[in-house]
Structures are given as C-alpha cells and as structure tokens.
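Undergrad: Have a peek at entry.cif (mmCIF, C-alpha atoms, pLDDT in the B column; chains and numbers go by the auth columns).
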data_start
#
loop_
_atom_site.group_PDB
_atom_site.id
_atom_site.type_symbol
_atom_site.label_atom_id
_atom_site.label_comp_id
_atom_site.label_asym_id
_atom_site.label_seq_id
_atom_site.Cartn_x
_atom_site.Cartn_y
_atom_site.Cartn_z
_atom_site.B_iso_or_equiv
_atom_site.auth_seq_id
_atom_site.auth_asym_id
ATOM 1 C CA MET A 1 90.506 88.476 116.548 93.00 1072 A
ATOM 2 C CA LYS A 2 87.511 90.581 117.353 96.00 1073 A
ATOM 3 C CA LEU A 3 84.240 89.484 118.923 97.00 1074 A
ATOM 4 C CA MET A 4 81.188 90.896 117.126 97.00 1075 A
ATOM 5 C CA PRO A 5 77.452 90.215 116.702 97.00 1076 A
ATOM 6 C CA ALA A 6 76.528 87.368 114.340 97.00 1077 A
ATOM 7 C CA LYS A 7 74.681 89.554 111.829 97.00 1078 A
ATOM 8 C CA GLN A 8 77.626 91.892 111.465 97.00 1079 A
ATOM 9 C CA ALA A 9 80.037 88.960 111.049 97.00 1080 A
ATOM 10 C CA GLN A 10 77.786 87.413 108.397 97.00 1081 A
ATOM 11 C CA ALA A 11 77.780 90.700 106.471 96.00 1082 A
ATOM 12 C CA LYS A 12 81.600 90.794 106.574 95.00 1083 A
ATOM 13 C CA LEU A 13 81.714 87.247 105.164 95.00 1084 A
ATOM 14 C CA MET A 14 79.256 88.070 102.373 94.00 1085 A
ATOM 15 C CA ASN A 15 81.175 91.203 101.333 93.00 1086 A
ATOM 16 C CA ALA A 16 84.686 89.760 101.647 92.00 1087 A
ATOM 17 C CA ALA A 17 85.079 89.124 97.898 89.00 1088 A
ATOM 18 C CA ALA A 18 84.109 92.695 97.049 90.00 1089 A
ATOM 19 C CA ASN A 19 86.618 94.204 99.482 88.00 1090 A
ATOM 20 C CA LYS A 20 90.008 94.427 97.742 83.00 1091 A
ATOM 21 C CA ASP A 21 91.935 94.983 100.999 85.00 1092 A
ATOM 22 C CA HIS A 22 91.207 91.553 102.461 82.00 1093 A
ATOM 23 C CA ARG A 23 92.565 88.265 101.147 91.00 1094 A
ATOM 24 C CA SER A 24 90.883 86.090 103.792 95.00 1095 A
ATOM 25 C CA VAL A 25 88.127 86.188 106.389 97.00 1096 A
ATOM 26 C CA SER A 26 87.724 83.572 109.129 98.00 1097 A
ATOM 27 C CA LEU A 27 84.778 83.274 111.514 98.00 1098 A
ATOM 28 C CA PHE A 28 84.915 81.234 114.738 98.00 1099 A
ATOM 29 C CA THR A 29 82.346 80.344 117.399 96.00 1100 A
ATOM 30 C CA PHE A 30 82.776 81.665 120.931 94.00 1101 A
ATOM 31 C CA LYS A 31 84.449 78.375 121.987 94.00 1102 A
ATOM 32 C CA ARG A 32 86.442 78.367 118.714 95.00 1103 A
ATOM 33 C CA ASP A 33 85.458 74.758 117.963 95.00 1104 A
ATOM 34 C CA ARG A 34 83.700 75.523 114.646 96.00 1105 A
ATOM 35 C CA SER A 35 84.741 77.856 111.856 97.00 1106 A
ATOM 36 C CA VAL A 36 84.065 79.119 108.342 98.00 1107 A
ATOM 37 C CA SER A 37 86.924 80.582 106.290 97.00 1108 A
ATOM 38 C CA LEU A 38 86.892 82.331 102.947 97.00 1109 A
ATOM 39 C CA HIS A 39 90.265 83.013 101.362 95.00 1110 A
ATOM 40 C CA HIS A 40 91.689 83.816 97.958 92.00 1111 A
ATOM 41 C CA ASP A 41 94.485 81.794 96.345 89.00 1112 A
ATOM 42 C CA GLU A 42 95.864 81.419 92.817 89.00 1113 A
ATOM 43 C CA ASN A 43 92.886 79.274 91.697 89.00 1114 A
ATOM 44 C CA GLY A 44 90.135 81.556 93.014 91.00 1115 A
ATOM 45 C CA TRP A 45 88.102 81.848 96.214 94.00 1116 A
ATOM 46 C CA VAL A 46 87.998 78.884 98.620 96.00 1117 A
ATOM 47 C CA LEU A 47 85.302 78.333 101.266 96.00 1118 A
ATOM 48 C CA GLU A 48 86.345 76.001 104.101 97.00 1119 A
ATOM 49 C CA GLU A 49 84.107 74.709 106.873 97.00 1120 A
ATOM 50 C CA HIS A 50 85.308 73.001 110.050 97.00 1121 A
ATOM 51 C CA GLY A 51 82.852 71.805 112.680 95.00 1122 A
ATOM 52 C CA PHE A 52 79.539 70.136 111.955 92.00 1123 A
ATOM 53 C CA GLU A 53 80.698 69.531 108.396 90.00 1124 A
ATOM 54 C CA ASP A 54 84.318 69.509 107.208 96.00 1125 A
ATOM 55 C CA SER A 55 84.381 70.598 103.589 96.00 1126 A
ATOM 56 C CA SER A 56 86.161 72.801 101.117 96.00 1127 A
ATOM 57 C CA THR A 57 84.546 74.486 98.095 95.00 1128 A
ATOM 58 C CA LEU A 58 86.487 76.174 95.292 95.00 1129 A
ATOM 59 C CA PHE A 59 84.987 79.050 93.302 93.00 1130 A
ATOM 60 C CA ALA A 60 87.327 79.016 90.296 86.00 1131 A
ATOM 61 C CA ASN A 61 88.129 82.572 89.126 77.00 1132 A
ATOM 62 C CA ALA A 62 84.716 83.853 90.149 83.00 1133 A
ATOM 63 C CA LYS A 63 83.184 85.585 93.115 86.00 1134 A
ATOM 64 C CA PRO A 64 81.731 83.240 95.745 92.00 1135 A
ATOM 65 C CA ASP A 65 78.060 82.350 95.528 92.00 1136 A
ATOM 66 C CA LYS A 66 76.291 84.228 98.322 93.00 1137 A
ATOM 67 C CA ARG A 67 73.686 81.493 98.649 95.00 1138 A
ATOM 68 C CA LEU A 68 76.412 78.944 99.507 94.00 1139 A
ATOM 69 C CA LEU A 69 78.073 81.356 101.935 95.00 1140 A
ATOM 70 C CA LYS A 70 74.799 81.919 103.759 96.00 1141 A
ATOM 71 C CA ALA A 71 74.092 78.164 103.931 96.00 1142 A
ATOM 72 C CA ALA A 72 77.575 77.470 105.359 96.00 1143 A
ATOM 73 C CA PHE A 73 77.124 80.246 107.926 96.00 1144 A
ATOM 74 C CA LYS A 74 73.763 78.863 109.089 96.00 1145 A
ATOM 75 C CA ARG A 75 75.125 75.305 109.210 95.00 1146 A
ATOM 76 C CA GLU A 76 78.159 76.150 111.357 96.00 1147 A
ATOM 77 C CA PHE A 77 76.625 78.911 113.537 97.00 1148 A
ATOM 78 C CA PRO A 78 72.988 77.869 114.095 95.00 1149 A
ATOM 79 C CA ARG A 79 72.511 79.498 117.518 94.00 1150 A
ATOM 80 C CA SER A 80 75.505 81.799 117.860 94.00 1151 A
ATOM 81 C CA ASN A 81 74.993 85.395 118.975 96.00 1152 A
ATOM 82 C CA LYS A 82 78.657 86.454 119.126 97.00 1153 A
ATOM 83 C CA ILE A 83 81.322 85.377 116.650 97.00 1154 A
ATOM 84 C CA TYR A 84 85.075 85.915 116.526 98.00 1155 A
ATOM 85 C CA ILE A 85 86.344 87.289 113.208 97.00 1156 A
ATOM 86 C CA SER A 86 89.843 87.355 111.807 97.00 1157 A
ATOM 87 C CA GLU A 87 90.613 89.368 108.655 94.00 1158 A
ATOM 88 C CA SER A 88 93.826 89.535 106.710 91.00 1159 A
#
Would it be possible to restate this file's structure as structure tokens?
TA:
Amino acid sequence: MKLMPAKQAQAKLMNAAANKDHRSVSLFTFKRDRSVSLHHDENGWVLEEHGFEDSSTLFANAKPDKRLLKAAFKREFPRSNKIYISES
C-alpha cells in the first residue's frame, strides 16, 4: 500500500475502470478504519464502502458512474489529507 494525497487517490479511483491493467482499487484512511473499494468481477464493477456507511453497489456490465464514486469518496473521506491506496 502506498500513502498519497487525497486528490491523487480520488483521481486513481475515478480512472480505475478505464485502466485495463487494474482489476481492483482500494482506498483506506490513515488509521485504516474506513475504506472504499472498486473491483471488477464476472457481473461487472462493484463499489464497496466500509466505515460511515457499509454498502455495496453493482454496476452491471457498465463503467461505474463517476457521480456515485465521488459521493462515496466524500462520504468516507470527509477530512482526509493522506490516503492509503492498494491496486491490483
């Protein structure tokens, strides 16, 4: 996992579906108690949130909606400056 600025981590999350090399991107707070994960499975892209809100959203055979990604990011990382990122 790498520690990076929040704006750069948000850009990686938004562009994860366009990047063919990555199958999943996970973002964690500095204390690693909240996270947002975007991964691809056989049904499509799945957005999972753990922290303030525990939810899972499926984007069936389509690219993820950037508006929903941005809302999840703001909900889970409201005051974060540095975020851990894990890409695979």
Undergrad: Of the candidates A:Asn1132, A:Ser1159, A:Gln1081, A:Ser1126, which one gets nearest to His1110 in chain A if we count only C-alpha atoms?
TA: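 Between A:Asn1132, A:Ser1159, A:Gln1081, A:Ser1126, the residue approaching His1110 in chain A most closely is A:Ser1159.
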Undergrad: Convert the output of the PyMOL selection byres ((chain A and resi 1098) around 8) on the shown file into explicit residues, formatted as a list in words.
TA: Ala1080, Val1096, Ser1097, Phe1099, Thr1100, Ser1106, Val1107, Ser1108, Ile1154, Tyr1155, Ile1156 and Ser1157 of chain A
Undergrad: Quick one: pull the distance between CA of Pro1076 in chain A and CA of Ala1142 in chain A, Å, one decimal.
TA: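 Straight-line distance from CA of Pro1076 in chain A to CA of Ala1142 in chain A works out to 17.9 Å.
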Undergrad: Name the residues, using the chain letters and numbers of the file, that sit within 9 Å of (79.5, 86.7, 94.0) when counting all atoms listed in the file, and give them as a PDB file with C-alpha atoms, keeping the file's coordinate frame.
TA:
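Result file out.pdb:
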ATOM      1  CA  MET A1085      79.256  88.070 102.373  1.00 94.00           C
ATOM      2  CA  ASN A1086      81.175  91.203 101.333  1.00 93.00           C
ATOM      3  CA  ALA A1088      85.079  89.124  97.898  1.00 89.00           C
ATOM      4  CA  ALA A1089      84.109  92.695  97.049  1.00 90.00           C
ATOM      5  CA  ALA A1133      84.716  83.853  90.149  1.00 83.00           C
ATOM      6  CA  LYS A1134      83.184  85.585  93.115  1.00 86.00           C
ATOM      7  CA  PRO A1135      81.731  83.240  95.745  1.00 92.00           C
ATOM      8  CA  ASP A1136      78.060  82.350  95.528  1.00 92.00           C
ATOM      9  CA  LYS A1137      76.291  84.228  98.322  1.00 93.00           C
TER      10      LYS A1137
END
Undergrad: Going by the chain IDs and residue numbers used in this file, which residues fall under the PyMOL selection byres ((chain A and resi 1114) around 8)? Write them as a ChimeraX atom specification.
TA: /A:1111-1113,1115-1116,1129,1131-1132
Undergrad: Kindly provide, as JSON, the centre and edge lengths (Å, one decimal) of an axis-aligned box around all atoms of range 1098-1106 of chain A given in the file, with 8 Å on each side.
TA:
{"center_x": 84.4, "center_y": 79.0, "center_z": 116.8, "size_x": 20.1, "size_y": 24.5, "size_z": 26.5}
Undergrad: What is the CA of Val1117 in chain A-CA of Asn1152 in chain A distance in Å, reported with one decimal?
TA: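 These atoms are spaced 25.0 Å apart.
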Undergrad: Do you know which residues are at most 10 Å from Leu1139 in chain A counting all atoms listed in the file, after dropping those on the same chain fewer than 5 positions away, and could you put them as a VMD selection string?
TA: chain A and resid 1085 1118 1128 1144 to 1145
Undergrad: Print the selection's residues with C-alpha atoms to a file, as a short mmCIF file (atom, residue, chain, number, x, y, z; two decimals), in the frame of the given file.
TA:
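The resulting file, result_7.cif, is shown below:
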data_model
loop_
_atom_site.label_atom_id
_atom_site.label_comp_id
_atom_site.auth_asym_id
_atom_site.auth_seq_id
_atom_site.Cartn_x
_atom_site.Cartn_y
_atom_site.Cartn_z
CA MET A 1085 79.26 88.07 102.37
CA LEU A 1118 85.30 78.33 101.27
CA THR A 1128 84.55 74.49 98.10
CA PHE A 1144 77.12 80.25 107.93
CA LYS A 1145 73.76 78.86 109.09
#
Undergrad: Which residue, A:Arg1146, A:Lys1073, A:Lys1153, A:Lys1141, has the smallest gap to Lys1102 in chain A when you use all atoms listed in the file?
TA: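 With all atoms listed in the file as the atom set, the closest residue is A:Lys1153.
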Undergrad: What is the distance, in Å and to one decimal place, between CA of Ser1151 in chain A and CA of Ala1087 in chain A?
TA: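 Rounded to one decimal, the two atoms are 20.3 Å apart.
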Undergrad: Counting all atoms listed in the file, figure out which residue out of A:Ser1127, A:Gly1122, A:Leu1140, A:Ser1095 gets nearest to Ala1082 in chain A.
TA: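 Among the listed residues, A:Leu1140 lies closest to Ala1082 in chain A.
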Undergrad: Please determine, counting all atoms listed in the file, which residue among A:Lys1083, A:Glu1119, A:Arg1105, A:Asp1125 has the shortest atom-to-atom distance to Glu1147 in chain A.
TA: A:Arg1105
Undergrad: Would you output range 1094-1123 of chain A from that structure, restricted to N, CA, C and O atoms, as a compact mmCIF listing (two decimals), in the first residue's frame?
TA:
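So the final result, stored in out_13.txt, reads:
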# COMPACT_ATOMS: atom_id res chain seq x y z
N ARG A 1094 -7.57 -4.55 -11.87
CA ARG A 1094 -8.85 -5.20 -11.67
C ARG A 1094 -9.53 -4.68 -10.41
O ARG A 1094 -10.73 -4.84 -10.25
N SER A 1095 -8.76 -4.07 -9.49
CA SER A 1095 -9.36 -3.52 -8.28
C SER A 1095 -8.51 -2.38 -7.73
O SER A 1095 -7.29 -2.35 -7.91
N VAL A 1096 -9.19 -1.45 -7.07
CA VAL A 1096 -8.54 -0.33 -6.40
C VAL A 1096 -9.21 -0.18 -5.04
O VAL A 1096 -10.44 -0.14 -4.95
N SER A 1097 -8.41 -0.12 -3.98
CA SER A 1097 -8.94 0.05 -2.63
C SER A 1097 -8.28 1.26 -2.00
O SER A 1097 -7.06 1.42 -2.08
N LEU A 1098 -9.09 2.11 -1.36
CA LEU A 1098 -8.60 3.29 -0.67
C LEU A 1098 -8.92 3.15 0.81
O LEU A 1098 -10.03 2.77 1.17
N PHE A 1099 -7.95 3.48 1.67
CA PHE A 1099 -8.11 3.38 3.11
C PHE A 1099 -7.70 4.69 3.78
O PHE A 1099 -6.78 5.36 3.30
N THR A 1100 -8.34 5.03 4.90
CA THR A 1100 -7.93 6.19 5.67
C THR A 1100 -6.58 5.92 6.33
O THR A 1100 -6.08 4.80 6.30
N PHE A 1101 -6.00 6.94 6.92
CA PHE A 1101 -4.69 6.80 7.56
C PHE A 1101 -4.74 5.75 8.67
O PHE A 1101 -3.82 4.96 8.83
N LYS A 1102 -5.83 5.70 9.44
CA LYS A 1102 -5.98 4.71 10.51
C LYS A 1102 -6.51 3.37 9.99
O LYS A 1102 -6.63 2.42 10.74
N ARG A 1103 -6.85 3.31 8.72
CA ARG A 1103 -7.37 2.13 8.04
C ARG A 1103 -8.67 1.62 8.65
O ARG A 1103 -8.95 0.42 8.62
N ASP A 1104 -9.50 2.54 9.18
CA ASP A 1104 -10.78 2.12 9.74
C ASP A 1104 -11.95 2.33 8.77
O ASP A 1104 -13.02 1.79 8.99
N ARG A 1105 -11.73 3.09 7.70
CA ARG A 1105 -12.75 3.28 6.66
C ARG A 1105 -12.12 3.02 5.31
O ARG A 1105 -10.94 3.27 5.11
N SER A 1106 -12.95 2.53 4.37
CA SER A 1106 -12.40 2.22 3.05
C SER A 1106 -13.47 2.30 1.97
O SER A 1106 -14.66 2.21 2.24
N VAL A 1107 -12.99 2.47 0.74
CA VAL A 1107 -13.80 2.41 -0.47
C VAL A 1107 -13.03 1.51 -1.44
O VAL A 1107 -11.84 1.71 -1.65
N SER A 1108 -13.73 0.51 -1.99
CA SER A 1108 -13.10 -0.42 -2.92
C SER A 1108 -13.91 -0.50 -4.20
O SER A 1108 -15.14 -0.53 -4.16
N LEU A 1109 -13.22 -0.53 -5.31
CA LEU A 1109 -13.84 -0.71 -6.61
C LEU A 1109 -13.14 -1.88 -7.28
O LEU A 1109 -11.93 -1.84 -7.47
N HIS A 1110 -13.90 -2.94 -7.56
CA HIS A 1110 -13.28 -4.10 -8.20
C HIS A 1110 -14.21 -4.67 -9.26
O HIS A 1110 -15.41 -4.43 -9.28
N HIS A 1111 -13.60 -5.42 -10.16
CA HIS A 1111 -14.32 -5.99 -11.30
C HIS A 1111 -14.48 -7.49 -11.08
O HIS A 1111 -13.51 -8.17 -10.75
N ASP A 1112 -15.72 -7.99 -11.23
CA ASP A 1112 -15.95 -9.43 -11.19
C ASP A 1112 -16.75 -9.85 -12.42
O ASP A 1112 -16.88 -9.06 -13.36
N GLU A 1113 -17.27 -11.06 -12.44
CA GLU A 1113 -17.95 -11.56 -13.63
C GLU A 1113 -19.25 -10.81 -13.94
O GLU A 1113 -19.71 -10.81 -15.09
N ASN A 1114 -19.85 -10.15 -12.97
CA ASN A 1114 -21.10 -9.42 -13.19
C ASN A 1114 -20.90 -7.97 -13.59
O ASN A 1114 -21.83 -7.32 -14.05
N GLY A 1115 -19.73 -7.42 -13.38
CA GLY A 1115 -19.45 -6.02 -13.69
C GLY A 1115 -18.61 -5.40 -12.58
O GLY A 1115 -17.94 -6.09 -11.83
N TRP A 1116 -18.66 -4.09 -12.48
CA TRP A 1116 -17.91 -3.36 -11.46
C TRP A 1116 -18.71 -3.30 -10.17
O TRP A 1116 -19.92 -3.09 -10.19
N VAL A 1117 -18.03 -3.44 -9.03
CA VAL A 1117 -18.67 -3.41 -7.72
C VAL A 1117 -17.97 -2.34 -6.87
O VAL A 1117 -16.75 -2.33 -6.75
N LEU A 1118 -18.77 -1.44 -6.30
CA LEU A 1118 -18.28 -0.41 -5.39
C LEU A 1118 -18.69 -0.80 -3.98
O LEU A 1118 -19.87 -0.98 -3.71
N GLU A 1119 -17.71 -0.95 -3.08
CA GLU A 1119 -17.98 -1.32 -1.69
C GLU A 1119 -17.46 -0.23 -0.77
O GLU A 1119 -16.36 0.26 -0.95
N GLU A 1120 -18.30 0.12 0.20
CA GLU A 1120 -17.93 1.11 1.21
C GLU A 1120 -17.96 0.44 2.58
O GLU A 1120 -18.87 -0.32 2.87
N HIS A 1121 -16.96 0.73 3.40
CA HIS A 1121 -16.91 0.25 4.78
C HIS A 1121 -16.47 1.41 5.65
O HIS A 1121 -15.42 1.99 5.41
N GLY A 1122 -17.28 1.76 6.63
CA GLY A 1122 -16.94 2.87 7.51
C GLY A 1122 -18.19 3.55 8.00
O GLY A 1122 -18.95 2.98 8.75
N PHE A 1123 -18.40 4.80 7.56
CA PHE A 1123 -19.60 5.52 7.95
C PHE A 1123 -20.84 4.80 7.44
O PHE A 1123 -21.85 4.73 8.10
